[in-house]
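To start, the structure under review is shown below, and the notes come after it.
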Amino acid sequence: MKLLIFLALITIAPGEELTSYEASLVHHTWMQIRPAENEILYSIFKDYPVLQNKFPALAYQDLDAIKNTPTFHAHSAPIFAKLDQIFQLHAYQGNEATMTAVLAELAHKHNSRGATKQDFQNYFRGLTKYASTHTYWDADVASAWSKALDNMYAVLVAYLAN
Ligand code: HEM
């Protein structure tokens with residue numbers, strides 16, 4: 001039994017831990033894009049309309065018309081506050097347990113909203129596209145960023161139902 005619990009924990013633990021250098025690159029990149037939450041959400045929805053359409057208050061509306069409205073901001077603000085919490089945890093080593101708990105809760109809440117593993121993958125792709133085109137981006141940043149998002153995704157998929 002103890003072995004089974006141990007194996008289950010290994011399966012849902014984040015992957016390879018970031019070095020402190022990689023963590024600082026990810027944190028720096030995040031801090032550069034963090035204020036642009038509306039722009040980022042707009043860019044993600046533009047590339048993946050299926051994501052926009054899963055938000056009942058935004059579904060099937062003209063994205064360019066709603067982009068700068070309080071309704072749009074009301075949706076981007078909590079998402080980016082949560083992402084900020086996750087990226088802040090990523091900035092320092094030794095936070096794996098907390099990060100796993102935060103991501104597990106996020107996945108759990110999103111199961112009832114119809115968000116799938118594919119949706120989260122697209123969300124992260126969109127986020128990466130924005131970061132790579134709006135910040136200093138080289139091979140080291142790209143590798144650290146991808147490692148960080150892969151770690152987050154690995155925990156999310158363990159708890160997402162679909
Ligand atoms: C890492 C990416 C994401 C983060 C950090 C995030 C975070 C949040 C947060 C903080 C809320 C507010 C309520 C709560 O505390 O749970 C929320 C609501 C919601 N999220 Fe996410 N989310 C993410 C990705 C997604 C994806 C991929 C989908 C599906 C397309 C989605 C769909 C929704 C929906 C439908 C709501 C309900 C409230 C609303 O309509 O605004 N989220 N999300």
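Every chain in the structure tokens takes a letter, A first, then B, and so on in the order presented; its residues are numbered from 1, and the ligands are numbered from 1 following the presented order.
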message: Any residue with an atom at most 8 Å from ligand 1 counts, using only C-alpha atoms and all ligand atoms. Which are they? Put them as an MDAnalysis selection string.
response: chainID A and resid 50:58 74:76 78:83 86 106 109:110 113:124
Residues of region 96-162 of chain A that have any atom at most 8 Å from an atom of region 21-39 of chain A: could you tabulate them with the shortest-distance atom pair and the distance in Å to one decimal, using only C-alpha atoms, ordered by chain and increasing number, as CSV?
```
residue,atom,partner,partner_atom,distance
A:Ala131,CA,A:Ile33,CA,6.6
A:His134,CA,A:Ile33,CA,7.4
A:Thr135,CA,A:Thr29,CA,6.6
A:Tyr136,CA,A:Thr29,CA,7.7
A:Asp140,CA,A:Glu22,CA,7.7
A:Val141,CA,A:Leu25,CA,5.9
A:Ala144,CA,A:Glu22,CA,5.0
A:Trp145,CA,A:Val26,CA,5.5
A:Ala148,CA,A:Val26,CA,7.4
```
May I have the residues from that selection written out with C-alpha atoms, as a CSV table (one decimal), in the first residue's frame?
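selection17.csv written:
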```csv
chain,number,residue,atom,x,y,z
A,131,ALA,CA,6.0,35.8,-24.0
A,134,HIS,CA,7.1,40.4,-26.3
A,135,THR,CA,10.2,39.8,-24.1
A,136,TYR,CA,13.8,39.1,-24.5
A,140,ASP,CA,18.1,29.6,-22.4
A,141,VAL,CA,14.9,31.5,-21.7
A,144,ALA,CA,13.6,27.4,-18.9
A,145,TRP,CA,10.1,28.6,-19.8
A,148,ALA,CA,8.4,25.4,-16.1
```
message: I'd like to know which of A:Ala139, A:Leu149, A:Ala101, A:Leu127 is closest to Tyr48 (chain A), using only C-alpha atoms.
response: A:Leu127
message: Report, in Å with one decimal, the straight-line distance from CA of Ala161 (chain A) to CA of Asn111 (chain A).
response: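 Calculated distance between CA of Ala161 (chain A) and CA of Asn111 (chain A) is 6.2 Å.
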- prompt: What are the DSSP alpha helix (DSSP H) residues of region 7-122 of chain A, as number ranges by chain?
  reply: A: 7-12, 20-33, 37-47, 49-52, 63-66, 70-90, 96-111, 117-122
- prompt: Interatomic distance between CA of Asn162 (chain A) and CA of Leu41 (chain A)?
  reply: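 Taking CA of Asn162 (chain A) and CA of Leu41 (chain A), their separation equals 22.5 Å.
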task: Rank A:Val155, A:Ile44, A:Ala59, A:Ala65 by their smallest atom-to-atom distance to His108 (chain A), using only C-alpha atoms, and report the top residue only.
output: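 Residue with the minimum atom-to-atom distance to His108 (chain A): A:Val155.
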